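S.K.: Structure incoming, see below.
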Amino acid sequence: MAPTKTPSTFNALFFFLFFILILFSICHSSLVYSLPQEQEENQHFQVLNVAASIHKTLQLFSKATPPSPTITAAASAANSSVFSVSLHPRISVVKPHHQNYSALTVSRLAYDSARVKSINYKLQLPISQTVHQRLIQPEDLQSPVTSGESQGTFEYLARVGLGRPVKEFFMSIDTGSDVSWLQCQPCDSCYQQSDPIFNPSGSSTFNTLSCSSRQCNSLKINGCTDDACHYYVSYGDGSFTSGDFGTETVTFGRSGSVSNVAVGCGHDNEGLFSGSAGLIGLGVGSLSFPSQIKATSFSYCLVDMDSHSSSTLEFNSVPPSGSIIIPMVYNPKFDIYFYVDLVGISVAGEKLPIQPSVFQVGSDGTGGVMVDSGTVVTRLVTRAYESLRDTFAKHAKNLHPTSGYSLFDTCYDLSSIPDEVEVPTVSFHFSGGKTWSLKPKNCLIPVDSRGKFCFAFAPSDSISIIGNIQQQETRISYDLAKKLIGVSPDQC
């Protein structure tokens, strides 16, 4: 007779199977939970294509004829209020005259240092000297040029139409300026530009503004002759422009035009604007380009400054979906610049031991963090920079350190790396829990064609500036109505 299983046997079997099931569930949950952590850790390091970066520096100085910039007329937008023009790296419009990439880098960094010095100087002036209007005589509208470099000061040029009939020009863009201008005939002194110089007498829509006009009285420095308004604008590198202040019709490819935009018609222009016909001021202020065309927003995407590709400068367009939206910070003492509320920085997931107050605008208007299209290298106040530099070096032990270069004190010799290398990810953290993680090429840049790469940040005494190296390959949107800035990587 076969033995029968007692209830106690069934109970033991049941509890054994139940125990196995619970154990499996715990292990499975732990495995599933660990996957996002592993993915997050992988994002702390990204791959830098060393070979491609070096190849690009060599291409710029090859004997082969570089491709001409592709100028695509902006298509008519579905929304008639949206205007768009093509945006090009200077290098695709004006071939560099330097002997090699190292010389080009030195030239760029020398200009950049002069620009940042100029910004710091303006921020340290008494308010009465920075915002009050000055009236001067026409013969005083001149200034010495302090730099002999002929490399252009601004790295990105928009293709804009002016006048009737429409003539198109390459014009520099600058979020740190509010006055727009271009070189005009007759020239007392004009630098070399890519397009023919604008002749106001050949345009049926150019009109000189009177001295009593609202636009003339909005200039920081102006002058008058026979009730004709004159302007004068100088830049930190010693460059300047002066001439008649008038209104003109501006055309944005096929997307539309706006009449009666105040622009400077420069007859005396000297300095580092090589290739461009003038400048489009995108800063904050009543004379800025966005203000005059009544744009509620504008955006740009800065492609690699060493490439021959292009992107767009847009007005009144909607930020791409998935954009990182950051609140603007208003600085009432210096309201020409765009500031953001940076609260921290991390490297490879490690948060730097820096208090948010380090990045805040002071009661005297100094400090803070601005976003600037004209500054090349990102500056951070010294203690923030040193913490960032040291933390990056700690996580970049796989890279071979080498001597500094110009304003860079942290450089690496990557000449022995055949293709790619992992580098720590640098991330900016903003109020509201928003994070902008930079790509490797926004942090480590080649300074020559032999494999020397440097950490593309530098210290600053008072102001922090997010420059255009860190903005490259990212669409930056400025919502002027809502006081927000959108960051959209890979949306060129």
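Ordering of the structure tokens sets the chain letters (A, B, ...), residue numbers begin anew at 1 in every chain, and ligands are numbered from 1 in the order given.
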Considering only strand (DSSP E) as DSSP defines it on the backbone, what residues of stretch 187-340 of chain A qualify? List them as an MDAnalysis selection string.
M.R.: chainID A and resid 207:208 221:225 228:234 240:251 257:270 278:281 297:301 311:315 324:329 338:340
S.K.: If we count only C-alpha atoms and set the cut-off at 12 Å, which residues sit around A:Ala396, ignoring sequence neighbours fewer than 6 positions away in its own chain? Please answer as a PyMOL selection string.
M.R.: chain A and resi 44-46+347-348+389-390+410-412+421-426+440+444+455
S.K.: Residues as selected, N, CA, C and O atoms, written as an mmCIF file, in the first residue's frame, can you do that?
M.R.:
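Ended up saving to result.cif:
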```
data_model
loop_
_atom_site.group_PDB
_atom_site.id
_atom_site.type_symbol
_atom_site.label_atom_id
_atom_site.label_comp_id
_atom_site.auth_asym_id
_atom_site.auth_seq_id
_atom_site.Cartn_x
_atom_site.Cartn_y
_atom_site.Cartn_z
ATOM 1 N N HIS A 44 27.426 59.690 -17.426
ATOM 2 C CA HIS A 44 28.414 60.527 -16.750
ATOM 3 C C HIS A 44 29.687 60.677 -17.589
ATOM 4 O O HIS A 44 30.505 61.548 -17.304
ATOM 5 N N PHE A 45 29.838 59.814 -18.591
ATOM 6 C CA PHE A 45 30.981 59.889 -19.497
ATOM 7 C C PHE A 45 30.467 59.798 -20.927
ATOM 8 O O PHE A 45 29.525 59.061 -21.208
ATOM 9 N N GLN A 46 31.065 60.561 -21.827
ATOM 10 C CA GLN A 46 30.682 60.543 -23.228
ATOM 11 C C GLN A 46 31.930 60.391 -24.100
ATOM 12 O O GLN A 46 33.045 60.638 -23.636
ATOM 13 N N VAL A 347 30.227 67.340 -12.620
ATOM 14 C CA VAL A 347 31.141 66.660 -13.533
ATOM 15 C C VAL A 347 31.036 65.169 -13.272
ATOM 16 O O VAL A 347 31.211 64.724 -12.124
ATOM 17 N N ALA A 348 30.708 64.397 -14.301
ATOM 18 C CA ALA A 348 30.547 62.940 -14.170
ATOM 19 C C ALA A 348 29.585 62.602 -13.040
ATOM 20 O O ALA A 348 29.764 61.628 -12.308
ATOM 21 N N ARG A 389 37.489 72.790 -12.835
ATOM 22 C CA ARG A 389 38.736 72.282 -13.434
ATOM 23 C C ARG A 389 39.289 71.093 -12.663
ATOM 24 O O ARG A 389 39.637 70.058 -13.248
ATOM 25 N N ASP A 390 39.367 71.216 -11.345
ATOM 26 C CA ASP A 390 39.955 70.150 -10.529
ATOM 27 C C ASP A 390 39.098 68.889 -10.543
ATOM 28 O O ASP A 390 39.628 67.772 -10.573
ATOM 29 N N THR A 410 44.397 73.984 -18.480
ATOM 30 C CA THR A 410 44.171 72.538 -18.387
ATOM 31 C C THR A 410 44.072 71.954 -19.792
ATOM 32 O O THR A 410 43.060 72.143 -20.483
ATOM 33 N N CYS A 411 45.126 71.274 -20.219
ATOM 34 C CA CYS A 411 45.180 70.721 -21.574
ATOM 35 C C CYS A 411 45.651 69.276 -21.533
ATOM 36 O O CYS A 411 46.274 68.838 -20.556
ATOM 37 N N TYR A 412 45.375 68.548 -22.615
ATOM 38 C CA TYR A 412 45.710 67.126 -22.691
ATOM 39 C C TYR A 412 46.322 66.808 -24.055
ATOM 40 O O TYR A 412 45.943 67.389 -25.071
ATOM 41 N N VAL A 421 37.816 58.682 -27.370
ATOM 42 C CA VAL A 421 38.167 58.555 -25.966
ATOM 43 C C VAL A 421 36.985 59.023 -25.121
ATOM 44 O O VAL A 421 36.227 59.912 -25.530
ATOM 45 N N GLU A 422 36.808 58.410 -23.966
ATOM 46 C CA GLU A 422 35.739 58.821 -23.049
ATOM 47 C C GLU A 422 36.190 60.007 -22.204
ATOM 48 O O GLU A 422 37.327 60.031 -21.720
ATOM 49 N N VAL A 423 35.302 60.980 -22.047
ATOM 50 C CA VAL A 423 35.607 62.145 -21.207
ATOM 51 C C VAL A 423 34.426 62.373 -20.259
ATOM 52 O O VAL A 423 33.278 62.026 -20.572
ATOM 53 N N PRO A 424 34.681 62.981 -19.107
ATOM 54 C CA PRO A 424 33.596 63.243 -18.141
ATOM 55 C C PRO A 424 32.582 64.246 -18.697
ATOM 56 O O PRO A 424 32.944 65.174 -19.429
ATOM 57 N N THR A 425 31.327 64.051 -18.354
ATOM 58 C CA THR A 425 30.265 64.954 -18.783
ATOM 59 C C THR A 425 30.147 66.136 -17.826
ATOM 60 O O THR A 425 30.065 65.953 -16.615
ATOM 61 N N VAL A 426 30.140 67.340 -18.382
ATOM 62 C CA VAL A 426 29.931 68.562 -17.599
ATOM 63 C C VAL A 426 28.477 68.990 -17.772
ATOM 64 O O VAL A 426 27.982 69.074 -18.896
ATOM 65 N N PRO A 440 30.995 66.314 -25.290
ATOM 66 C CA PRO A 440 32.460 66.360 -25.122
ATOM 67 C C PRO A 440 33.125 67.472 -25.929
ATOM 68 O O PRO A 440 34.029 68.140 -25.437
ATOM 69 N N LEU A 444 36.106 69.907 -24.441
ATOM 70 C CA LEU A 444 37.495 69.708 -24.850
ATOM 71 C C LEU A 444 37.621 70.072 -26.319
ATOM 72 O O LEU A 444 36.977 69.456 -27.174
ATOM 73 N N PHE A 455 40.675 72.200 -22.049
ATOM 74 C CA PHE A 455 39.402 72.349 -21.358
ATOM 75 C C PHE A 455 38.905 73.770 -21.601
ATOM 76 O O PHE A 455 39.528 74.732 -21.162
#
```
S.K.: Excluding A:Cys454 and its own-chain neighbours fewer than 6 positions away, which residues fall within 12 Å of it when counting only C-alpha atoms? Please give them as a ChimeraX atom specification.
M.R.: /A:105,377,389,392-393,399-414,440-448
S.K.: Take the residues that were just selected and, keeping C-alpha atoms, output them as a short mmCIF file (atom, residue, chain, number, x, y, z; two decimals), in the first residue's frame.
M.R.:
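Below is the file that was written, out.cif:
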```cif
data_model
loop_
_atom_site.label_atom_id
_atom_site.label_comp_id
_atom_site.auth_asym_id
_atom_site.auth_seq_id
_atom_site.Cartn_x
_atom_site.Cartn_y
_atom_site.Cartn_z
CA THR A 105 43.26 79.68 -32.07
CA VAL A 377 35.12 80.62 -24.16
CA ARG A 389 38.74 72.28 -13.43
CA PHE A 392 37.14 67.40 -14.32
CA ALA A 393 40.83 66.47 -14.00
CA LEU A 399 43.75 61.51 -20.43
CA HIS A 400 47.41 62.51 -20.60
CA PRO A 401 47.92 66.04 -19.14
CA THR A 402 50.20 68.49 -20.94
CA SER A 403 51.18 72.16 -20.65
CA GLY A 404 48.64 74.98 -20.81
CA TYR A 405 47.87 77.08 -23.87
CA SER A 406 47.09 80.82 -23.96
CA LEU A 407 44.26 81.40 -21.45
CA PHE A 408 43.75 77.63 -20.95
CA ASP A 409 45.54 76.08 -17.97
CA THR A 410 44.17 72.54 -18.39
CA CYS A 411 45.18 70.72 -21.57
CA TYR A 412 45.71 67.13 -22.69
CA ASP A 413 47.87 65.38 -25.26
CA LEU A 414 45.53 63.15 -27.26
CA PRO A 440 32.46 66.36 -25.12
CA LYS A 441 33.31 68.71 -28.01
CA ASN A 442 31.74 71.59 -26.04
CA CYS A 443 34.28 71.00 -23.28
CA LEU A 444 37.50 69.71 -24.85
CA ILE A 445 38.59 71.53 -28.01
CA PRO A 446 41.63 71.17 -30.28
CA VAL A 447 44.03 74.12 -30.15
CA ASP A 448 46.36 72.81 -32.87
#
```
S.K.: Which one of A:Asn269, A:Ser255, A:Ser346, A:Ser234 sits closest to A:Phe83 if you count only C-alpha atoms?
M.R.: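 For A:Phe83, the nearest of the candidates is A:Ser255.
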S.K.: What's around stretch 173-187 of chain A at 6 Å? Count only C-alpha atoms, leave out sequence neighbours fewer than 6 positions away in its own chain, and write the answer as a PyMOL selection string.
M.R.: chain A and resi 197-199+263-267+277-283+287-288+337+372-374
S.K.: Using only C-alpha atoms, find the one residue out of A:Phe169, A:Asp364, A:Phe206, A:Ile354 that sits nearest to A:Val381.
M.R.: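 Result for the nearest residue to A:Val381: A:Ile354.
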S.K.: Can you work out which one of A:Leu162, A:Ile221, A:Val343, A:Val303 has the shortest atom-to-atom distance to A:Val233, counting only C-alpha atoms?
M.R.: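 Closest candidate: A:Ile221.
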S.K.: Find the residues around A:Phe298 up to 8 Å (only C-alpha atoms counted), leave out those fewer than 3 positions away in its own chain, and share them as a ChimeraX atom specification.
M.R.: /A:290,295,313-317,477-480
S.K.: Would you mind exporting the chosen residues as a PDB file, in the first residue's frame, restricted to C-alpha atoms?
M.R.:
```pdb
ATOM      1  CA  PRO A 290      14.171  92.040 -31.858  1.00  0.00           C
ATOM      2  CA  ALA A 295       9.571  90.092 -32.020  1.00  0.00           C
ATOM      3  CA  LEU A 313      18.507  82.822 -36.966  1.00  0.00           C
ATOM      4  CA  GLU A 314      14.754  82.941 -36.338  1.00  0.00           C
ATOM      5  CA  PHE A 315      12.312  85.467 -34.898  1.00  0.00           C
ATOM      6  CA  ASN A 316       8.915  84.605 -33.334  1.00  0.00           C
ATOM      7  CA  SER A 317       9.420  80.852 -33.765  1.00  0.00           C
ATOM      8  CA  SER A 477      15.761  80.353 -27.787  1.00  0.00           C
ATOM      9  CA  TYR A 478      15.041  83.688 -26.094  1.00  0.00           C
ATOM     10  CA  ASP A 479      11.389  84.133 -25.103  1.00  0.00           C
ATOM     11  CA  LEU A 480      11.348  87.894 -24.588  1.00  0.00           C
TER      12      LEU A 480
END
```
S.K.: Between A:Ser449, A:Ser259, A:Thr391, A:Thr366, single out the one closest to A:Gln124, counting only C-alpha atoms.
M.R.: A:Thr366
S.K.: Looking only at the backbone, which of the residues in stretch 270-404 of chain A does DSSP tag as helix (DSSP H, G or I), as a list in words?
M.R.: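 Put together, the selection reads Phe289, Pro290, Ser291, Gln292, Pro356, Ser357, Val358, Phe359, Thr382, Arg383, Ala384, Tyr385, Glu386, Ser387, Leu388, Arg389, Asp390, Thr391, Phe392, Ala393, Lys394 and His395 of chain A.
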S.K.: List as a ChimeraX atom specification the protein and nucleic acid residues near A:Pro332, meaning an atom at most 12 Å away when only C-alpha atoms are counted, but skip any in the same chain fewer than 5 places from it.
M.R.: /A:123,127,131,284-285,337-339,361-366
S.K.: Could you check how far atom CA of A:Arg379 sits from atom CA of A:Phe457, in Å to one decimal?
M.R.: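 Atom CA of A:Phe457 lies 5.8 Å from atom CA of A:Arg379.
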S.K.: Please list as a list of chain:residue names every residue within 10 Å of A:Asp304, counting only C-alpha atoms and excluding residues in the same chain fewer than 5 positions away.
M.R.: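 With the cut-off at 10 Å, the set is A:His88, A:Pro89, A:Ser309, A:Ser310, A:Lys441, A:Asn442, A:Asn468, A:Ile469, A:Gln471, A:Gln472, A:Glu473, A:Thr474.
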